[in-house]
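S.K.: Right, I'll just put the structure down here and ask away after.
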4 protein chains.
Amino acid sequence: MSDDQKPYKNGFKFPEQSIRTKITEVSPNRLSTRGFNQEDLIENLSYSENVFLILRGRLPDEKEAKIFNHILVSFCDHGVTPPSTQSARLIASSGASINNAVAGGLLSFGKNHAGAIEKAMALFQESISGLNLEETDPDDENKRIALLAIEIVNRYEGESKRVPGFGHRYHDKDPRAAKLIDLAIQESAIGPHTKLALAIESILNEKKGICLNVDGANAGLLSDLGFDSDLGLGIFMIGRLPGLIAHAFEEMQEEEKFRRFCDLENIVYEGFKNKRIDDGEE
Amino acid sequence: MSDDQKPYKNGFKFPEQSIRTKITEVSPNRLSTRGFNQEDLIENLSYSENVFLILRGRLPDEKEAKIFNHILVSFCDHGVTPPSTQSARLIASSGASINNAVAGGLLSFGKNHAGAIEKAMALFQESISGLNLEETDPDDENKRIALLAIEIVNRYEGESKRVPGFGHRYHDKDPRAAKLIDLAIQESAIGPHTKLALAIESILNEKKGICLNVDGANAGLLSDLGFDSDLGLGIFMIGRLPGLIAHAFEEMQEEEKFRRFCDLENIVYEGFKNKRIDDGEE
Amino acid sequence: MSDDQKPYKNGFKFPEQSIRTKITEVSPNRLSTRGFNQEDLIENLSYSENVFLILRGRLPDEKEAKIFNHILVSFCDHGVTPPSTQSARLIASSGASINNAVAGGLLSFGKNHAGAIEKAMALFQESISGLNLEETDPDDENKRIALLAIEIVNRYEGESKRVPGFGHRYHDKDPRAAKLIDLAIQESAIGPHTKLALAIESILNEKKGICLNVDGANAGLLSDLGFDSDLGLGIFMIGRLPGLIAHAFEEMQEEEKFRRFCDLENIVYEGFKNKRIDDGEE
Amino acid sequence: MSDDQKPYKNGFKFPEQSIRTKITEVSPNRLSTRGFNQEDLIENLSYSENVFLILRGRLPDEKEAKIFNHILVSFCDHGVTPPSTQSARLIASSGASINNAVAGGLLSFGKNHAGAIEKAMALFQESISGLNLEETDPDDENKRIALLAIEIVNRYEGESKRVPGFGHRYHDKDPRAAKLIDLAIQESAIGPHTKLALAIESILNEKKGICLNVDGANAGLLSDLGFDSDLGLGIFMIGRLPGLIAHAFEEMQEEEKFRRFCDLENIVYEGFKNKRIDDGEE
C-alpha cells in the first residue's frame, strides 16, 4: 500500500505505523516515567504515589496521597465470594499458571460485577459538573447538592433502577465505605462529589436502610481527586490484584487439584431426552 | 445465611446453588447433547451440523446445513492483518501456551473489531421484524424491503454513521461476501434478511462504491437461518479459531522468540522531560 | 537503534520488523489460504476439511476427512462438569461479553485439565518413532507394539503415574472413545499410534478396569493422521468451542445474573482471627 | 454420586464441595483479612504493606516495608517496548474494555517474557538453601557464596544458557537494578540471596559486560524477604499493572482506533500459491 493511499481507504482510517506515548521514555540505560527518572521514583515514592503519578501525569500532594492510598487498600479482597475470585481459583486449580488465573479473574468484570464504580463516578461527575459550583459559597453549595441528591434518587426510583454505589449483597452497612468516609472527614478531603454521595446515602438510608458501599465511597473520593470515570475499573483492579494473587496462590498450594464448584448432584438437566438421528447418514 | 433470607437480601437476588442446563446430560458412561447420544453425533454429523445442533437445539435440514457450513468456512482467516491475529502471535512469541495466545486473540474483539456482525444481525432482524412480512406476497415483499433499505441508508447517513456489514479496509469488493451470496442464490437460500442486505448494498454501491463484506453477508444468512443476534460473535469465533491456532502455532514453530511489533525507532515519546522529586522524601 | 546493532545486542536476538507467514496471502479483493482461493474453500470444503487444510497445509483425503470430522465432533461438550465450562458460565453470568466468557474458559486448560491429549500424543509419537516400523511386516509390527505397551505401563506404574489418555472421572468406559475406535476400525483407519493406545488399554483394563478416554483415543488417531503433538490442545479447543459458546449463551439468556458457585455457607475460614495493628501509624 | 463413592473414583480424587481459605473472613458488616479488620488496614497500612500482609500472612517490619515498596515501584513500566504492553494497547485500540486489555497483557507472560524473576528466585533459593548457612560466620558466608557464584556461572556456561536475572535487551546497565541495590545497601537489607546475585554479577560483568537486571535484583531481595519463588510473577504483575492500565487508557483516549502493528507492507507471504480443489465436490 503506497503512502498516498493512506491514511484513508474504503472509508476506514489507517493509523500511523509509529506509536506516540506520554508515559515512559526508554533509552539505553535510562527510563523516565512522566518526566521523572525511574531511580528517583524507586527511591522517593510510595507505590500508591507512583500509581497516582502514572495515571494522572503529576505527583499527588500529601493529602491526595493519603486518600488515594486508603482507596487502593480498601479494594484489597472480599474473600471467596465474588465470581472473579471464584474464576481465578477455578483456573488456578486446573494447573494453569498464575497469570492465567489472574487474567480469568479480571475477565469476570462486567455489567453485574465491578461495574458500579465507573457508573457511580460518571453519575457524580456529570451531576456535579452540571451545577457549575465554581462561584458558589459553601452553604449554597451544600443546599444545591442536597437538592440534586433528591432529584437523582427520584429519577432512579422512577425508572425502578438502583443508584450505582449503594447497597451490598453481604453488608447492610459496608464497613469499608464507613471507614473511608471517616478518614476523608478527618483529613478534610470531602469534595463536592463525595458530598453528593453522602447526601444520596442519607436519603436512601432513611427510605430503605440502604448505605453507601465501597464502590460508591471511592467513586466520590476518586472524582474529588480528579480521576476520569473511565479509570475507575483500572483503579479497582490495582487494588484487587493482590487479593486475586493470594487466592490463586492459596489454591495452587493448599487445595486439591481440579476444583469444581458444582458436581453431578448440583446440575439439573432440563433439555430434550432420547432423540435419534434416524437416517444414519451425514 | 439461612434459607429464609434467600433469595433476596439488601435488594439483591441470590441465584440458587444448583445449575440448570438444556445442553448436555452427563451420567456415568453416557453423554447426550440436545437429546442425542454423543455416539450418534460422532457417527452421523458433520462438525458444522453438530455446531448448528448445539447452538440451535435442533438438527439443520440439508439446505441449512450447507449454508451454515459455508458461513463457518468463510470466517477462517484474514492473514496477519487483524489485531486479534497480531495479539495471538505476540502472545505466542513470548513463550506462553497456545490457549493463552488464542484467548488473547479473542479478547481483541470489541467495538472496532468483529463487532459488525452482531450489529448487522440486530439491524436486519429488527428491521425485517418491523415489516410483519408473514402475510405478504413475494412481489410486495421485495418492494417493501427495497423501501426499507433506502430508509436505513438515509438514517445512517443522517447520523454520519457507517451501516454495519458494509465496506472493508482491504477490499473494495470482499471476495468472501460475493461467493457466499452466489452460493445462497444457487441453493435458493436467500430469505428476507439477506434480501435486505443486498438491497442496502445496491444503494451503497451505486452511491459510494461500498459493497457487502463477509460480516454483512453472514449477518443476513444467519438471520435467515434463525440465529439470535447475540450468537453472531460466537459463530464468528468458531469460524476464526482454526486460523488463530494456525498463526499461534506458526509463531511457536517458525519465528524468533519475543516478537515486538514496534521497537525504539517506532516509538515517539511526547511527554514531560527532566522533572525531579525535590524533597527526596516520601 | 542503528541497523548494525541488530539483530544481536546484550546477548539478545532481535526479531526482524517484518513478519513472514505461510498461512494466508492477503491482497486487495483476494484472499488465499494455503494456496487456495478462499472462494474455492467456501464452495468446496466442509469445515473440518478446511481445518485440516489450515493446520496441516494440505487437503485431507476422503478417509482422513471422515476421521478428522469424528474427532472434532467428539470433543463438543461434557456438560457443566469441567472447570473450563464453569469458568465460562461464571464470567458470562457477571455480564461480561461472550468472548470474555470463552477466553476465560480456555484459560482453564492447564496441567490438570485438557493436558492429557498432548501428553498422550507425545508419548505415542515418541514410542512409535523409536520402533522404526517402516520396514516391519504387519504381524511383527503388532507384536512389537504389544511389547512396547507392556513396557510403557510398567514404566508409568514404576513411577506411580497415570498413563495419559486413560481413565475418566465420570465414566468407567468413556462412550466417545469406544465409538471413535469402532468408526476407525470400520474405516480401516487404525495406524500404529492407535494400535499402541489399544494395546495399553487392553493391559490397563485387565489389571485395573481402566479404559481409553476421549483424549487417548483422539491422541492415537491424530498421531496416525500426522498431527504434531503441540497441536493437540488447539484441536481440542476447536472441538470444544461450540460447547463453551452454548453454555455462555445459556447463562446469558436463562439464568439469574451474578452466579456464584459457592456462598457463605460453603466457605470455611481457617486463618488468623482478631489481630490488631497496634501503633495505628503507617 | 453417593458420599461413599467420594472422594476417590476411577483413580481420580474429587475435591470437597466446601472451600477453605486463610485469607479473608466475610461476615455481614465485617471483613477481616489475615486476622485484621479491613477498617484497621485501610486506616493504618500503606498499599505495599498491605500487599506484604496479604501475600505473606504477616505484617512487614519497617525495613521490610521499605524494601518491598521499592520493589513494587521498580516494576512500574518499560514504555511501549514489551510484548505485554503492545498486546494491551492492541486490544484497547480495538474497542475492548480496559479489563480485557489488561488481561491480554498478562497473558503475554511466558517463557520468554517475565519468566526470569521466578527462575532467578528458584535458582538463588535452591543454591543458598544448599549452603546451610545458619551456623556460618559472615566472612566464611561471603567466601562460600563467592565460590557458589563461580560454580553457577560455569554450570550455565557449560550448558550454553543465560543465567536468569542478568542482561537486558535495552540496557547495558539496568538503572533500576543499580538503584535497588544501592537502596538495599543503605538500608542494610542485603541478605545471602542478594549477595549471591551480586557475586554472579561481578563475574558476568568482568567476563562479558553483563549486569544484573531488575528481575535479578528483585529476585535476590524478594528471596531475602522470604517470598516463595512461585509468587515472583504475581509480585511483578502487581508492580506492572498501573503501567498496563496507563497504556490501555492512553490508547483509548489518544490514539486512532484499530491499531495494527504491522500492515500489508510488513507481511511477507512465503507459502503455496495458485492451488485448486479440482473435483469441486465436498
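Note on naming: chains are A, B, ... as they come in the C-alpha cells, residues start from 1 per chain, ligands start from 1 in the order shown.
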If the cut-off is 6 Å, can you tell me the residues of chain C near chain A, counting only C-alpha atoms? I'd like them as a list in words.
M.R.: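 My answer is Pro83, Ser87, Ile91, Ser94, Gly95, Ala96, Asn100, Gly104, Leu107, Ser108, Gly110, Lys111, Asn112, His113, Arg260 and Phe261 of chain C.
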S.K.: So that I can see what lies close to Leu59 in chain D, please list as a PyMOL selection string the residues with an atom at most 8 Å from it, counting only C-alpha atoms and leaving out residues fewer than 3 positions away in the same chain.
M.R.: chain D and resi 49-50+52-53+56
S.K.: The selected residues should be written to file as a PDB file, in the first residue's frame (atoms: N, CA and C atoms).
M.R.:
ATOM      1  N   GLU D  49       2.570  -2.254  52.223  1.00  0.00           N
ATOM      2  CA  GLU D  49       2.498  -3.044  53.467  1.00  0.00           C
ATOM      3  C   GLU D  49       1.317  -4.014  53.419  1.00  0.00           C
ATOM      4  N   ASN D  50       0.224  -3.535  52.871  1.00  0.00           N
ATOM      5  CA  ASN D  50      -0.968  -4.368  52.786  1.00  0.00           C
ATOM      6  C   ASN D  50      -0.744  -5.556  51.843  1.00  0.00           C
ATOM      7  N   PHE D  52       2.145  -6.964  51.256  1.00  0.00           N
ATOM      8  CA  PHE D  52       3.021  -7.875  52.007  1.00  0.00           C
ATOM      9  C   PHE D  52       2.177  -8.728  52.953  1.00  0.00           C
ATOM     10  N   LEU D  53       1.272  -8.076  53.688  1.00  0.00           N
ATOM     11  CA  LEU D  53       0.401  -8.799  54.628  1.00  0.00           C
ATOM     12  C   LEU D  53      -0.437  -9.859  53.905  1.00  0.00           C
ATOM     13  N   ARG D  56       2.036 -12.666  52.499  1.00  0.00           N
ATOM     14  CA  ARG D  56       2.867 -13.406  53.452  1.00  0.00           C
ATOM     15  C   ARG D  56       2.115 -13.816  54.715  1.00  0.00           C
TER      16      ARG D  56
END
S.K.: From the DSSP assignment of the backbone, select every residue of range 73-279 of chain B that is alpha helix (DSSP H), and format the answer as a PyMOL selection string.
M.R.: chain B and resi 73-74+83-93+98-107+116-131+138-158+175-186+192-208+214-224+232-254
S.K.: Just want the 10 Å neighbourhood of range 149-158 of chain B, counted on only C-alpha atoms, with same-chain residues fewer than 4 positions away dropped. Output as a list in words.
M.R.: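 Those residues are Leu123, Phe124, Ser127, Lys143, Arg144, Ile145, Arg162, Val163, Pro164, Lys195, Leu196, Ala197, Leu198, Ala199, Ile200, Glu201, Ser202, Ile203 and Leu204 of chain B.
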S.K.: How would the residues just chosen look if you wrote them out with all heavy atoms as a short mmCIF file (atom, residue, chain, number, x, y, z; two decimals), in the first residue's frame?
M.R.:
data_model
loop_
_atom_site.label_atom_id
_atom_site.label_comp_id
_atom_site.auth_asym_id
_atom_site.auth_seq_id
_atom_site.Cartn_x
_atom_site.Cartn_y
_atom_site.Cartn_z
N LEU B 123 -29.61 -5.15 13.32
CA LEU B 123 -30.26 -4.21 12.39
C LEU B 123 -31.21 -4.94 11.45
O LEU B 123 -32.37 -4.56 11.27
CB LEU B 123 -29.18 -3.47 11.59
CG LEU B 123 -29.67 -2.62 10.41
CD1 LEU B 123 -30.51 -1.43 10.90
CD2 LEU B 123 -28.49 -2.11 9.57
N PHE B 124 -30.71 -6.03 10.82
CA PHE B 124 -31.54 -6.75 9.85
C PHE B 124 -32.78 -7.36 10.54
O PHE B 124 -33.88 -7.29 10.04
CB PHE B 124 -30.75 -7.86 9.15
CG PHE B 124 -29.56 -7.37 8.35
CD1 PHE B 124 -28.53 -8.26 8.00
CD2 PHE B 124 -29.43 -6.03 7.97
CE1 PHE B 124 -27.44 -7.83 7.26
CE2 PHE B 124 -28.32 -5.60 7.24
CZ PHE B 124 -27.32 -6.50 6.89
N SER B 127 -35.30 -4.68 11.67
CA SER B 127 -35.94 -4.04 10.52
C SER B 127 -36.96 -4.97 9.89
O SER B 127 -38.10 -4.57 9.62
CB SER B 127 -34.88 -3.63 9.48
OG SER B 127 -33.89 -2.84 10.08
N LYS B 143 -40.62 -5.17 -2.75
CA LYS B 143 -40.77 -3.70 -2.77
C LYS B 143 -40.59 -3.11 -1.39
O LYS B 143 -39.92 -2.08 -1.22
CB LYS B 143 -42.17 -3.34 -3.29
CG LYS B 143 -42.23 -3.24 -4.81
CD LYS B 143 -43.62 -2.77 -5.27
CE LYS B 143 -44.00 -3.49 -6.57
NZ LYS B 143 -45.43 -3.78 -6.65
N ARG B 144 -41.23 -3.75 -0.41
CA ARG B 144 -41.15 -3.19 0.94
C ARG B 144 -39.73 -3.26 1.50
O ARG B 144 -39.29 -2.35 2.21
CB ARG B 144 -42.14 -3.92 1.87
CG ARG B 144 -43.59 -3.61 1.45
CD ARG B 144 -44.60 -4.40 2.23
NE ARG B 144 -44.57 -4.04 3.63
CZ ARG B 144 -45.12 -4.78 4.59
NH1 ARG B 144 -45.69 -5.94 4.28
NH2 ARG B 144 -45.07 -4.37 5.83
N ILE B 145 -39.03 -4.32 1.13
CA ILE B 145 -37.62 -4.42 1.58
C ILE B 145 -36.77 -3.35 0.89
O ILE B 145 -35.89 -2.73 1.51
CB ILE B 145 -37.08 -5.85 1.33
CG1 ILE B 145 -37.74 -6.81 2.34
CG2 ILE B 145 -35.57 -5.89 1.45
CD1 ILE B 145 -37.39 -8.27 2.14
N ARG B 162 -21.59 4.60 9.61
CA ARG B 162 -21.48 3.56 8.59
C ARG B 162 -22.51 2.47 8.88
O ARG B 162 -22.70 2.09 10.04
CB ARG B 162 -20.07 2.97 8.58
CG ARG B 162 -18.98 4.04 8.33
CD ARG B 162 -17.57 3.47 8.37
NE ARG B 162 -17.43 2.41 7.40
CZ ARG B 162 -17.37 1.12 7.72
NH1 ARG B 162 -17.38 0.73 8.98
NH2 ARG B 162 -17.26 0.21 6.79
N VAL B 163 -23.15 1.94 7.85
CA VAL B 163 -24.06 0.81 8.06
C VAL B 163 -23.21 -0.42 8.37
O VAL B 163 -22.27 -0.73 7.63
CB VAL B 163 -24.93 0.55 6.80
CG1 VAL B 163 -26.01 -0.50 7.11
CG2 VAL B 163 -25.57 1.83 6.29
N PRO B 164 -23.48 -1.13 9.47
CA PRO B 164 -22.63 -2.27 9.82
C PRO B 164 -22.76 -3.40 8.80
O PRO B 164 -23.87 -3.74 8.40
CB PRO B 164 -23.16 -2.71 11.20
CG PRO B 164 -24.56 -2.19 11.27
CD PRO B 164 -24.58 -0.94 10.44
N LYS B 195 -32.03 -10.55 1.64
CA LYS B 195 -32.56 -9.60 0.63
C LYS B 195 -32.32 -8.17 1.05
O LYS B 195 -31.95 -7.31 0.25
CB LYS B 195 -34.08 -9.81 0.47
CG LYS B 195 -34.47 -10.84 -0.55
CD LYS B 195 -35.99 -10.80 -0.77
CE LYS B 195 -36.46 -12.14 -1.32
NZ LYS B 195 -37.92 -12.29 -1.21
N LEU B 196 -32.58 -7.90 2.32
CA LEU B 196 -32.37 -6.53 2.83
C LEU B 196 -30.89 -6.15 2.72
O LEU B 196 -30.56 -5.04 2.29
CB LEU B 196 -32.83 -6.44 4.29
CG LEU B 196 -32.59 -5.11 4.99
CD1 LEU B 196 -33.31 -3.95 4.28
CD2 LEU B 196 -33.06 -5.17 6.46
N ALA B 197 -30.00 -7.08 3.07
CA ALA B 197 -28.57 -6.81 2.96
C ALA B 197 -28.20 -6.46 1.52
O ALA B 197 -27.44 -5.52 1.26
CB ALA B 197 -27.77 -8.03 3.46
N LEU B 198 -28.77 -7.22 0.57
CA LEU B 198 -28.46 -6.98 -0.84
C LEU B 198 -29.05 -5.65 -1.32
O LEU B 198 -28.43 -4.94 -2.12
CB LEU B 198 -28.96 -8.14 -1.70
CG LEU B 198 -28.19 -9.46 -1.46
CD1 LEU B 198 -28.91 -10.64 -2.14
CD2 LEU B 198 -26.75 -9.33 -1.98
N ALA B 199 -30.22 -5.32 -0.82
CA ALA B 199 -30.84 -4.05 -1.22
C ALA B 199 -30.01 -2.87 -0.69
O ALA B 199 -29.84 -1.86 -1.39
CB ALA B 199 -32.27 -4.00 -0.70
N ILE B 200 -29.52 -3.00 0.52
CA ILE B 200 -28.66 -1.93 1.06
C ILE B 200 -27.37 -1.84 0.25
O ILE B 200 -26.90 -0.75 -0.09
CB ILE B 200 -28.35 -2.19 2.56
CG1 ILE B 200 -29.63 -2.08 3.41
CG2 ILE B 200 -27.30 -1.21 3.08
CD1 ILE B 200 -29.48 -2.50 4.87
N GLU B 201 -26.80 -3.00 -0.08
CA GLU B 201 -25.56 -3.00 -0.87
C GLU B 201 -25.77 -2.27 -2.20
O GLU B 201 -24.92 -1.49 -2.64
CB GLU B 201 -25.07 -4.42 -1.13
CG GLU B 201 -23.77 -4.44 -1.93
CD GLU B 201 -23.35 -5.84 -2.36
OE1 GLU B 201 -24.23 -6.64 -2.74
OE2 GLU B 201 -22.14 -6.14 -2.28
N SER B 202 -26.89 -2.56 -2.81
CA SER B 202 -27.11 -1.97 -4.13
C SER B 202 -27.12 -0.43 -4.04
O SER B 202 -26.53 0.26 -4.88
CB SER B 202 -28.41 -2.55 -4.70
OG SER B 202 -29.13 -1.61 -5.40
N ILE B 203 -27.71 0.12 -2.98
CA ILE B 203 -27.71 1.58 -2.81
C ILE B 203 -26.31 2.10 -2.50
O ILE B 203 -25.83 3.06 -3.12
CB ILE B 203 -28.67 1.99 -1.66
CG1 ILE B 203 -30.08 1.47 -1.94
CG2 ILE B 203 -28.67 3.50 -1.48
CD1 ILE B 203 -31.01 1.58 -0.72
N LEU B 204 -25.64 1.46 -1.53
CA LEU B 204 -24.32 1.94 -1.11
C LEU B 204 -23.30 1.81 -2.23
O LEU B 204 -22.39 2.62 -2.37
CB LEU B 204 -23.82 1.17 0.12
CG LEU B 204 -24.57 1.43 1.43
CD1 LEU B 204 -24.01 0.51 2.52
CD2 LEU B 204 -24.40 2.89 1.85
#
S.K.: Taking into account only C-alpha atoms, which residue in the set C:Pro175, C:Met252, C:Leu148, C:Arg240 is nearest to Val26 in chain B?
M.R.: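 Using only C-alpha atoms, the shortest distance to Val26 in chain B belongs to C:Pro175.
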S.K.: So which residues touch range 226-236 of chain D within 6 Å, counting only C-alpha atoms, skipping near sequence neighbours fewer than 3 positions away, as a list in words?
M.R.: Ile117, Glu118, Met121, Ala122, Leu222, Ser223 and Gly239 of chain D
S.K.: Restricting the calculation to only C-alpha atoms: of B:Asn218, B:His78, B:Lys207, B:Ala248, which residue gets closest to Arg169 in chain B?
M.R.: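 For Arg169 in chain B, the nearest of the candidates is B:His78.
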S.K.: Find the residue from D:Ile42, D:Ile210, D:Leu133, D:Leu225 that sits nearest to Phe68 in chain A; use only C-alpha atoms when measuring.
M.R.: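 Of all the options, D:Ile42 lies closest to Phe68 in chain A.
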S.K.: Which residue gives the smallest distance to Gly57 in chain D among A:Gly191, A:Gly271, A:Gly243, A:Gly167, with only C-alpha atoms counted?
M.R.: A:Gly243
S.K.: In Å, how far is it from CA of Gly220 in chain D to CA of Gly165 in chain D?
M.R.: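 Distance reported for this atom pair: 9.4 Å.
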S.K.: Given only C-alpha atoms as the basis, pick out the residue of D:Gln253, D:Thr33, D:Ser160, D:Ser188 nearest to Arg58 in chain D.
M.R.: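 Closest to Arg58 in chain D of all the choices is D:Thr33.
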S.K.: Rounded to one decimal, what separation in Å do you get between CA of Ala246 in chain D and CA of Asn37 in chain A?
M.R.: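 Pair CA of Ala246 in chain D / CA of Asn37 in chain A returns 17.4 Å.
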S.K.: Between CA of Phe75 in chain A and CA of Ala146 in chain A, what is the spacing in Å?
M.R.: 27.9 Å
